[in-house]
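Below is coords-v2.pdb, holding PDB, C-alpha atoms.
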```pdb
ATOM      1  CA  MET V  18     -10.684   8.151  15.791
ATOM      2  CA  THR V  19     -10.270   4.372  16.045
ATOM      3  CA  THR V  20      -8.775   2.416  13.144
ATOM      4  CA  ARG V  21     -10.490  -0.920  12.491
ATOM      5  CA  VAL V  22      -8.045  -3.729  11.679
ATOM      6  CA  LEU V  23      -8.554  -7.233  10.262
ATOM      7  CA  VAL V  24      -5.756  -9.792  10.751
ATOM      8  CA  VAL V  25      -5.415 -12.465   8.034
ATOM      9  CA  ASP V  26      -2.858 -15.251   8.647
ATOM     10  CA  ASP V  27      -3.026 -19.039   8.576
ATOM     11  CA  ASP V  28      -0.862 -19.379  11.709
ATOM     12  CA  PRO V  29      -3.060 -19.067  14.817
ATOM     13  CA  LEU V  30      -0.072 -18.067  16.967
ATOM     14  CA  VAL V  31       0.806 -15.222  14.592
ATOM     15  CA  ARG V  32      -2.818 -14.070  14.545
ATOM     16  CA  SER V  33      -2.959 -14.081  18.331
ATOM     17  CA  ALA V  34       0.328 -12.203  18.623
ATOM     18  CA  LEU V  35      -0.735  -9.542  16.127
ATOM     19  CA  THR V  36      -4.143  -9.157  17.761
ATOM     20  CA  LEU V  37      -2.545  -8.772  21.185
ATOM     21  CA  MET V  38       0.030  -6.310  19.853
ATOM     22  CA  LEU V  39      -2.479  -4.125  18.006
ATOM     23  CA  GLY V  40      -5.070  -4.386  20.758
ATOM     24  CA  GLY V  41      -2.649  -2.678  23.110
ATOM     25  CA  ALA V  42      -2.942   0.546  21.113
ATOM     26  CA  ALA V  43      -5.865   2.706  22.194
ATOM     27  CA  ASP V  44      -6.513   3.950  18.662
ATOM     28  CA  LEU V  45      -6.569   0.499  17.005
ATOM     29  CA  ASP V  46      -9.400  -2.037  17.159
ATOM     30  CA  VAL V  47      -8.930  -5.592  15.821
ATOM     31  CA  VAL V  48     -12.391  -6.407  14.476
ATOM     32  CA  GLY V  49     -11.654  -9.922  13.261
ATOM     33  CA  GLU V  50      -9.202 -12.702  12.393
ATOM     34  CA  ALA V  51      -9.173 -14.845   9.260
ATOM     35  CA  ALA V  52      -7.235 -18.078   8.644
ATOM     36  CA  ASP V  53      -6.894 -17.865   4.865
ATOM     37  CA  GLY V  54      -7.177 -15.395   1.999
ATOM     38  CA  ARG V  55     -10.692 -16.378   0.978
ATOM     39  CA  GLN V  56     -12.004 -15.973   4.507
ATOM     40  CA  GLY V  57     -10.075 -12.725   4.717
ATOM     41  CA  VAL V  58     -11.817 -11.297   1.657
ATOM     42  CA  GLU V  59     -15.236 -12.354   2.928
ATOM     43  CA  MET V  60     -14.629 -10.903   6.404
ATOM     44  CA  ALA V  61     -13.252  -7.666   4.936
ATOM     45  CA  LEU V  62     -16.426  -7.234   2.907
ATOM     46  CA  SER V  63     -18.663  -7.851   5.914
ATOM     47  CA  LEU V  64     -16.676  -6.105   8.655
ATOM     48  CA  GLN V  65     -15.443  -3.118   6.589
ATOM     49  CA  PRO V  66     -12.047  -2.710   8.295
ATOM     50  CA  ASP V  67      -9.880   0.307   7.592
ATOM     51  CA  VAL V  68      -6.694  -1.767   7.372
ATOM     52  CA  VAL V  69      -6.049  -5.448   6.656
ATOM     53  CA  LEU V  70      -2.838  -7.130   7.805
ATOM     54  CA  MET V  71      -2.371  -9.822   5.144
ATOM     55  CA  ASP V  72      -0.034 -12.819   5.145
ATOM     56  CA  VAL V  73       1.332 -13.927   1.743
ATOM     57  CA  ARG V  74       1.468 -17.711   1.866
ATOM     58  CA  MET V  75      -1.920 -19.082   2.895
ATOM     59  CA  PRO V  76      -4.195 -21.947   1.829
ATOM     60  CA  VAL V  77      -7.345 -21.580  -0.304
ATOM     61  CA  LEU V  78      -6.350 -18.092  -1.520
ATOM     62  CA  ASN V  79      -2.925 -16.526  -1.033
ATOM     63  CA  GLY V  80      -2.462 -13.020   0.284
ATOM     64  CA  LEU V  81      -1.540 -11.454  -3.047
ATOM     65  CA  GLU V  82      -4.678 -12.775  -4.755
ATOM     66  CA  ALA V  83      -6.791 -11.763  -1.783
ATOM     67  CA  THR V  84      -5.326  -8.250  -1.937
ATOM     68  CA  ARG V  85      -6.037  -8.084  -5.666
ATOM     69  CA  GLU V  86      -9.663  -9.141  -5.085
ATOM     70  CA  LEU V  87     -10.164  -6.505  -2.408
ATOM     71  CA  HIS V  88      -8.733  -3.742  -4.574
ATOM     72  CA  ALA V  89     -11.005  -4.710  -7.449
ATOM     73  CA  ARG V  90     -13.995  -3.667  -5.328
ATOM     74  CA  PRO V  91     -15.222  -0.144  -4.521
ATOM     75  CA  ASP V  92     -13.710   1.557  -1.463
ATOM     76  CA  PRO V  93     -11.247  -1.226  -0.567
ATOM     77  CA  PRO V  94      -9.497  -1.264   2.799
ATOM     78  CA  ARG V  95      -5.809  -0.412   3.054
ATOM     79  CA  VAL V  96      -3.688  -3.570   2.970
ATOM     80  CA  VAL V  97      -0.359  -4.163   4.703
ATOM     81  CA  VAL V  98       1.303  -7.370   3.554
ATOM     82  CA  LEU V  99       3.218  -9.171   6.299
ATOM     83  CA  THR V 100       5.554 -12.002   5.342
ATOM     84  CA  THR V 101       8.634 -13.896   6.449
ATOM     85  CA  PHE V 102      10.037 -13.576   2.919
ATOM     86  CA  ASP V 103      11.528 -10.504   1.239
ATOM     87  CA  ALA V 104      11.981 -12.062  -2.204
ATOM     88  CA  ASP V 105      11.578  -9.752  -5.207
ATOM     89  CA  GLU V 106       8.456 -11.479  -6.459
ATOM     90  CA  HIS V 107       6.700 -11.015  -3.121
ATOM     91  CA  VAL V 108       7.498  -7.320  -2.822
ATOM     92  CA  LEU V 109       6.667  -6.468  -6.418
ATOM     93  CA  GLY V 110       3.690  -8.822  -6.453
ATOM     94  CA  ALA V 111       2.238  -7.215  -3.334
ATOM     95  CA  LEU V 112       2.575  -3.701  -4.726
ATOM     96  CA  ALA V 113       1.163  -4.746  -8.088
ATOM     97  CA  ALA V 114      -1.812  -6.323  -6.301
ATOM     98  CA  GLY V 115      -2.527  -3.013  -4.581
ATOM     99  CA  ALA V 116      -0.902  -3.374  -1.168
ATOM    100  CA  ASP V 117      -0.266  -0.101   0.646
ATOM    101  CA  GLY V 118       2.516  -1.516   2.790
ATOM    102  CA  PHE V 119       4.984  -4.399   2.908
ATOM    103  CA  LEU V 120       6.604  -5.502   6.162
ATOM    104  CA  LEU V 121       8.534  -8.550   7.323
ATOM    105  CA  LYS V 122       7.099 -10.430  10.280
ATOM    106  CA  ASP V 123      10.269  -9.838  12.275
ATOM    107  CA  THR V 124       9.573  -6.098  12.157
ATOM    108  CA  PRO V 125       9.554  -4.739  15.749
ATOM    109  CA  PRO V 126       6.010  -4.516  17.194
ATOM    110  CA  ALA V 127       6.144  -0.741  17.574
ATOM    111  CA  GLU V 128       6.986  -0.387  13.874
ATOM    112  CA  ILE V 129       4.087  -2.632  12.848
ATOM    113  CA  VAL V 130       1.701  -0.513  14.921
ATOM    114  CA  ALA V 131       3.188   2.645  13.382
ATOM    115  CA  ALA V 132       2.808   1.132   9.901
ATOM    116  CA  VAL V 133      -0.888   0.421  10.474
ATOM    117  CA  ARG V 134      -1.421   4.008  11.600
ATOM    118  CA  ALA V 135       0.512   5.419   8.648
ATOM    119  CA  VAL V 136      -1.310   3.303   6.059
ATOM    120  CA  ALA V 137      -4.678   4.157   7.626
ATOM    121  CA  ALA V 138      -3.753   7.827   7.155
ATOM    122  CA  GLY V 139      -3.041   7.227   3.475
ATOM    123  CA  ASP V 140       0.744   6.968   3.621
ATOM    124  CA  PRO V 141       2.600   3.960   2.129
ATOM    125  CA  MET V 142       4.879   1.949   4.396
ATOM    126  CA  LEU V 143       7.685  -0.295   3.158
ATOM    127  CA  SER V 144      10.216  -2.211   5.190
ATOM    128  CA  ALA V 145      13.890  -1.515   4.589
ATOM    129  CA  ALA V 146      14.157  -4.852   2.774
ATOM    130  CA  ALA V 147      11.268  -3.983   0.463
ATOM    131  CA  THR V 148      12.779  -0.586  -0.272
ATOM    132  CA  ARG V 149      16.082  -2.228  -1.211
ATOM    133  CA  THR V 150      14.225  -4.586  -3.552
ATOM    134  CA  LEU V 151      12.574  -1.670  -5.345
ATOM    135  CA  ILE V 152      15.875   0.180  -5.643
ATOM    136  CA  ASP V 153      17.556  -2.922  -7.073
ATOM    137  CA  ARG V 154      14.707  -3.318  -9.558
ATOM    138  CA  LEU V 155      15.086   0.268 -10.717
ATOM    139  CA  ARG V 156      18.840  -0.142 -11.115
ATOM    140  CA  ARG V 157      18.403  -3.212 -13.310
ATOM    141  CA  GLN V 158      16.172  -1.393 -15.796
ATOM    142  CA  ASP V 159      17.424   0.799 -18.618
ATOM    143  CA  PRO V 160      17.142   4.333 -17.170
ATOM    144  CA  ASP V 161      16.298   6.014 -20.482
ATOM    145  CA  ASP V 162      13.503   3.593 -21.353
ATOM    146  CA  ARG V 163      12.131   3.753 -17.830
ATOM    147  CA  GLN V 164      12.129   7.542 -17.777
ATOM    148  CA  ALA V 165      10.497   7.883 -21.190
ATOM    149  CA  ALA V 166       7.720   5.443 -20.270
ATOM    150  CA  ALA V 167       7.051   7.141 -16.936
ATOM    151  CA  ARG V 168       6.986  10.628 -18.447
ATOM    152  CA  ALA V 169       4.562   9.455 -21.129
ATOM    153  CA  ARG V 170       2.220   8.170 -18.420
ATOM    154  CA  LEU V 171       2.447  11.413 -16.437
ATOM    155  CA  ALA V 172       1.772  13.441 -19.586
ATOM    156  CA  GLU V 173      -1.785  12.063 -19.505
ATOM    157  CA  LEU V 174      -2.413  14.044 -16.312
ATOM    158  CA  THR V 175      -3.593  17.633 -16.094
ATOM    159  CA  ASP V 176      -1.168  20.203 -14.694
ATOM    160  CA  ARG V 177      -2.842  20.093 -11.287
ATOM    161  CA  GLU V 178      -2.881  16.287 -11.272
ATOM    162  CA  GLN V 179       0.835  16.295 -12.077
ATOM    163  CA  GLU V 180       1.447  18.584  -9.104
ATOM    164  CA  VAL V 181      -0.492  16.206  -6.873
ATOM    165  CA  ALA V 182       1.342  13.169  -8.302
ATOM    166  CA  LEU V 183       4.689  14.855  -7.666
ATOM    167  CA  ALA V 184       3.683  15.618  -4.076
ATOM    168  CA  VAL V 185       2.614  12.003  -3.565
ATOM    169  CA  GLY V 186       5.938  10.928  -5.058
ATOM    170  CA  ARG V 187       7.689  12.989  -2.417
ATOM    171  CA  GLY V 188       5.855  11.061   0.265
ATOM    172  CA  LEU V 189       3.399  13.763   1.332
ATOM    173  CA  SER V 190       0.111  12.794   2.965
ATOM    174  CA  ASN V 191      -3.183  14.204   1.677
ATOM    175  CA  ALA V 192      -3.144  16.839   4.426
ATOM    176  CA  GLU V 193       0.400  17.870   3.521
ATOM    177  CA  VAL V 194      -0.470  18.019  -0.181
ATOM    178  CA  ALA V 195      -3.456  20.212   0.662
ATOM    179  CA  ARG V 196      -1.268  22.636   2.599
ATOM    180  CA  SER V 197       1.489  22.781  -0.010
ATOM    181  CA  LEU V 198      -0.900  23.342  -2.936
ATOM    182  CA  HIS V 199      -3.437  25.459  -0.999
ATOM    183  CA  LEU V 200      -6.276  23.020  -1.653
ATOM    184  CA  SER V 201      -8.913  21.433   0.538
ATOM    185  CA  ILE V 202      -8.359  17.826   1.613
ATOM    186  CA  PRO V 203     -11.496  16.598  -0.267
ATOM    187  CA  THR V 204     -10.156  18.260  -3.433
ATOM    188  CA  VAL V 205      -6.785  16.558  -2.954
ATOM    189  CA  LYS V 206      -8.491  13.204  -2.464
ATOM    190  CA  ALA V 207     -10.414  13.718  -5.707
ATOM    191  CA  HIS V 208      -7.208  14.566  -7.572
ATOM    192  CA  VAL V 209      -5.413  11.538  -6.080
ATOM    193  CA  SER V 210      -8.251   9.270  -7.220
ATOM    194  CA  ARG V 211      -7.977  10.610 -10.770
ATOM    195  CA  VAL V 212      -4.193  10.198 -10.700
ATOM    196  CA  PHE V 213      -4.643   6.569  -9.642
ATOM    197  CA  GLU V 214      -7.148   5.992 -12.435
ATOM    198  CA  LYS V 215      -5.081   7.604 -15.186
ATOM    199  CA  LEU V 216      -1.815   5.944 -14.137
ATOM    200  CA  GLY V 217      -3.452   2.565 -13.601
ATOM    201  CA  ALA V 218      -2.225   2.670 -10.001
ATOM    202  CA  THR V 219      -3.917   1.169  -6.975
ATOM    203  CA  ASN V 220      -1.827   2.808  -4.273
ATOM    204  CA  ARG V 221       0.500   5.723  -3.542
ATOM    205  CA  VAL V 222       3.629   3.582  -3.788
ATOM    206  CA  GLN V 223       2.938   2.887  -7.465
ATOM    207  CA  VAL V 224       2.465   6.614  -8.108
ATOM    208  CA  ALA V 225       5.734   7.341  -6.301
ATOM    209  CA  ILE V 226       7.572   4.768  -8.433
ATOM    210  CA  CYS V 227       6.236   6.382 -11.614
ATOM    211  CA  VAL V 228       7.311   9.853 -10.464
ATOM    212  CA  HIS V 229      10.718   8.460  -9.465
ATOM    213  CA  ASP V 230      11.107   6.694 -12.818
ATOM    214  CA  ALA V 231      10.323   9.990 -14.578
ATOM    215  CA  GLY V 232      13.250  11.568 -12.743
ATOM    216  CA  LEU V 233      11.097  14.153 -10.977
ATOM    217  CA  VAL V 234      12.136  13.293  -7.389
TER     218      VAL V 234
END
```
Could you express the structure from this file as structure tokens?
Amino acid sequence: MTTRVLVVDDDPLVRSALTLMLGGAADLDVVGEAADGRQGVEMALSLQPDVVLMDVRMPVLNGLEATRELHARPDPPRVVVLTTFDADEHVLGALAAGADGFLLKDTPPAEIVAAVRAVAAGDPMLSAAATRTLIDRLRRQDPDDRQAAARARLAELTDREQEVALAVGRGLSNAEVARSLHLSIPTVKAHVSRVFEKLGATNRVQVAICVHDAGLV
């Protein structure tokens, strides 16, 4: 099955490089290129890509706002934010906006291709720098307050939804969750959607952070 990809970046050289890189993979198809966030949103709505590679700093509409707009619509594409910056506000802002992945532009080409495949399959993908930022954020917060708040949020879930949330927190894909809980993949997807809704999450990374904060993984 071919994964449809939209590249959104205001640098034409970066767009060309990403298109060339992704186009070399037989299972990936770059369906379009956009030069700013507004054009990216419009092209995503018309082309219906599976994954959007989204720059952060762009004219007209930045990548974080564009990601937020896409995730406010039904059946949004997966979004991988690509940036030259690994500042806290970019990592946390991207995840809060609904991004499914966060990578630096100096990430090796093979890892970017692997990230697109992983995100298309429903798995989050964070660069090492982004992971460090999240760990530092967690360390700066009061552990007792963080745990109590996370456990209160998870208490709103049914027992089965908590099992699914815990599995997501452990990094399992939908297929792996289905096997571990002896459920069908459509049933797992339905549970994941309800977990997202109840936790106010827009992606699996946010669910994983909540489970981590609760001290369950």
- Quick one: apply the PyMOL selection byres ((chain V and resi 219) around 10) to the file and drop the selected residues here as a ChimeraX atom specification. /V:85,88-89,112-117,210,212-214,216-218,220-224
Save the residues we just selected, C-alpha atoms, as a PDB file, in the frame of the given file?
```pdb
ATOM      1  CA  ARG V  85      -6.037  -8.084  -5.666  1.00  0.00           C
ATOM      2  CA  HIS V  88      -8.733  -3.742  -4.574  1.00  0.00           C
ATOM      3  CA  ALA V  89     -11.005  -4.710  -7.449  1.00  0.00           C
ATOM      4  CA  LEU V 112       2.575  -3.701  -4.726  1.00  0.00           C
ATOM      5  CA  ALA V 113       1.163  -4.746  -8.088  1.00  0.00           C
ATOM      6  CA  ALA V 114      -1.812  -6.323  -6.301  1.00  0.00           C
ATOM      7  CA  GLY V 115      -2.527  -3.013  -4.581  1.00  0.00           C
ATOM      8  CA  ALA V 116      -0.902  -3.374  -1.168  1.00  0.00           C
ATOM      9  CA  ASP V 117      -0.266  -0.101   0.646  1.00  0.00           C
ATOM     10  CA  SER V 210      -8.251   9.270  -7.220  1.00  0.00           C
ATOM     11  CA  VAL V 212      -4.193  10.198 -10.700  1.00  0.00           C
ATOM     12  CA  PHE V 213      -4.643   6.569  -9.642  1.00  0.00           C
ATOM     13  CA  GLU V 214      -7.148   5.992 -12.435  1.00  0.00           C
ATOM     14  CA  LEU V 216      -1.815   5.944 -14.137  1.00  0.00           C
ATOM     15  CA  GLY V 217      -3.452   2.565 -13.601  1.00  0.00           C
ATOM     16  CA  ALA V 218      -2.225   2.670 -10.001  1.00  0.00           C
ATOM     17  CA  ASN V 220      -1.827   2.808  -4.273  1.00  0.00           C
ATOM     18  CA  ARG V 221       0.500   5.723  -3.542  1.00  0.00           C
ATOM     19  CA  VAL V 222       3.629   3.582  -3.788  1.00  0.00           C
ATOM     20  CA  GLN V 223       2.938   2.887  -7.465  1.00  0.00           C
ATOM     21  CA  VAL V 224       2.465   6.614  -8.108  1.00  0.00           C
TER      22      VAL V 224
END
```
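The space between CA of Leu64 in chain V and CA of Pro93 in chain V spans 11.8 Å.
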- Task: Using all atoms listed in the file, determine which residues lie at most 9 Å from range 45-48 of chain V, disregarding the query and same-chain residues fewer than 3 positions distant; provide the list as a ChimeraX atom specification.
- Result: /V:18-24,36-37,39-42,64,66,130,133-134
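For Ser190 in chain V, the set of protein, DNA and RNA residues having any atom at most 10 Å away, when counting only C-alpha atoms and skipping those fewer than 2 positions along the same chain, is Ala135, Ala138, Gly139, Asp140, Pro141, Ala184, Val185, Arg187, Gly188, Ala192, Glu193, Val194, Ala195, Arg196, Ile202, Val205 and Arg221 of chain V.
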Grab the residues selected above and save them as a PDB file, in the coordinates of the input with C-alpha atoms.
```
ATOM      1  CA  ALA V 135       0.512   5.419   8.648  1.00  0.00           C
ATOM      2  CA  ALA V 138      -3.753   7.827   7.155  1.00  0.00           C
ATOM      3  CA  GLY V 139      -3.041   7.227   3.475  1.00  0.00           C
ATOM      4  CA  ASP V 140       0.744   6.968   3.621  1.00  0.00           C
ATOM      5  CA  PRO V 141       2.600   3.960   2.129  1.00  0.00           C
ATOM      6  CA  ALA V 184       3.683  15.618  -4.076  1.00  0.00           C
ATOM      7  CA  VAL V 185       2.614  12.003  -3.565  1.00  0.00           C
ATOM      8  CA  ARG V 187       7.689  12.989  -2.417  1.00  0.00           C
ATOM      9  CA  GLY V 188       5.855  11.061   0.265  1.00  0.00           C
ATOM     10  CA  ALA V 192      -3.144  16.839   4.426  1.00  0.00           C
ATOM     11  CA  GLU V 193       0.400  17.870   3.521  1.00  0.00           C
ATOM     12  CA  VAL V 194      -0.470  18.019  -0.181  1.00  0.00           C
ATOM     13  CA  ALA V 195      -3.456  20.212   0.662  1.00  0.00           C
ATOM     14  CA  ARG V 196      -1.268  22.636   2.599  1.00  0.00           C
ATOM     15  CA  ILE V 202      -8.359  17.826   1.613  1.00  0.00           C
ATOM     16  CA  VAL V 205      -6.785  16.558  -2.954  1.00  0.00           C
ATOM     17  CA  ARG V 221       0.500   5.723  -3.542  1.00  0.00           C
TER      18      ARG V 221
END
```
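Nearest residue to Arg163 in chain V, choosing from V:Pro126, V:Pro91, V:Pro203, V:Gly232 and counting all atoms listed in the file: V:Gly232.
Picture a line from CA of Gln56 in chain V to CA of Arg74 in chain V; it runs 13.8 Å.
Between CA of Phe119 in chain V and CA of Ala231 in chain V the interatomic distance comes to 23.3 Å.
Ranking V:Thr204, V:Lys122, V:Arg211, V:Thr175 by their shortest atom-to-atom distance to Ala34 in chain V, with only C-alpha atoms included, puts V:Lys122 first.
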- Task: Can you pull out every residue within 12 Å of Pro76 in chain V, counting only C-alpha atoms, but drop anything in the same chain fewer than 2 positions away, and send it as a ChimeraX atom specification?
- Result: /V:25-28,51-57,72-74,78-83
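Of the residues under consideration (V:Val31, V:Met38, V:Val77, V:Val96), V:Met38 shows the shortest atom-to-atom contact distance to Glu128 in chain V when counting all atoms listed in the file.
Put simply, the PyMOL selection byres ((chain V and resi 230) around 9) on this file hits Leu155, Pro160, Arg163, Gln164, Ala165, Ala166, Ala167, Arg168, Ala225, Ile226, Cys227, Val228, His229, Ala231, Gly232, Leu233 and Val234 of chain V.
Every protein, DNA or RNA residue with an atom at most 12 Å from Leu200 in chain V, where all atoms listed in the file count and chain neighbours fewer than 6 positions away do not, is listed here: Arg177, Glu180, Val181, Asn191, Ala192, Glu193, Val194, Lys206, Ala207 and His208 of chain V.
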- Item | Selected residue of minimal separation from Met142 in chain V among V:Leu120, V:His199, V:Thr84, V:Glu50, counting only C-alpha atoms | V:Leu120
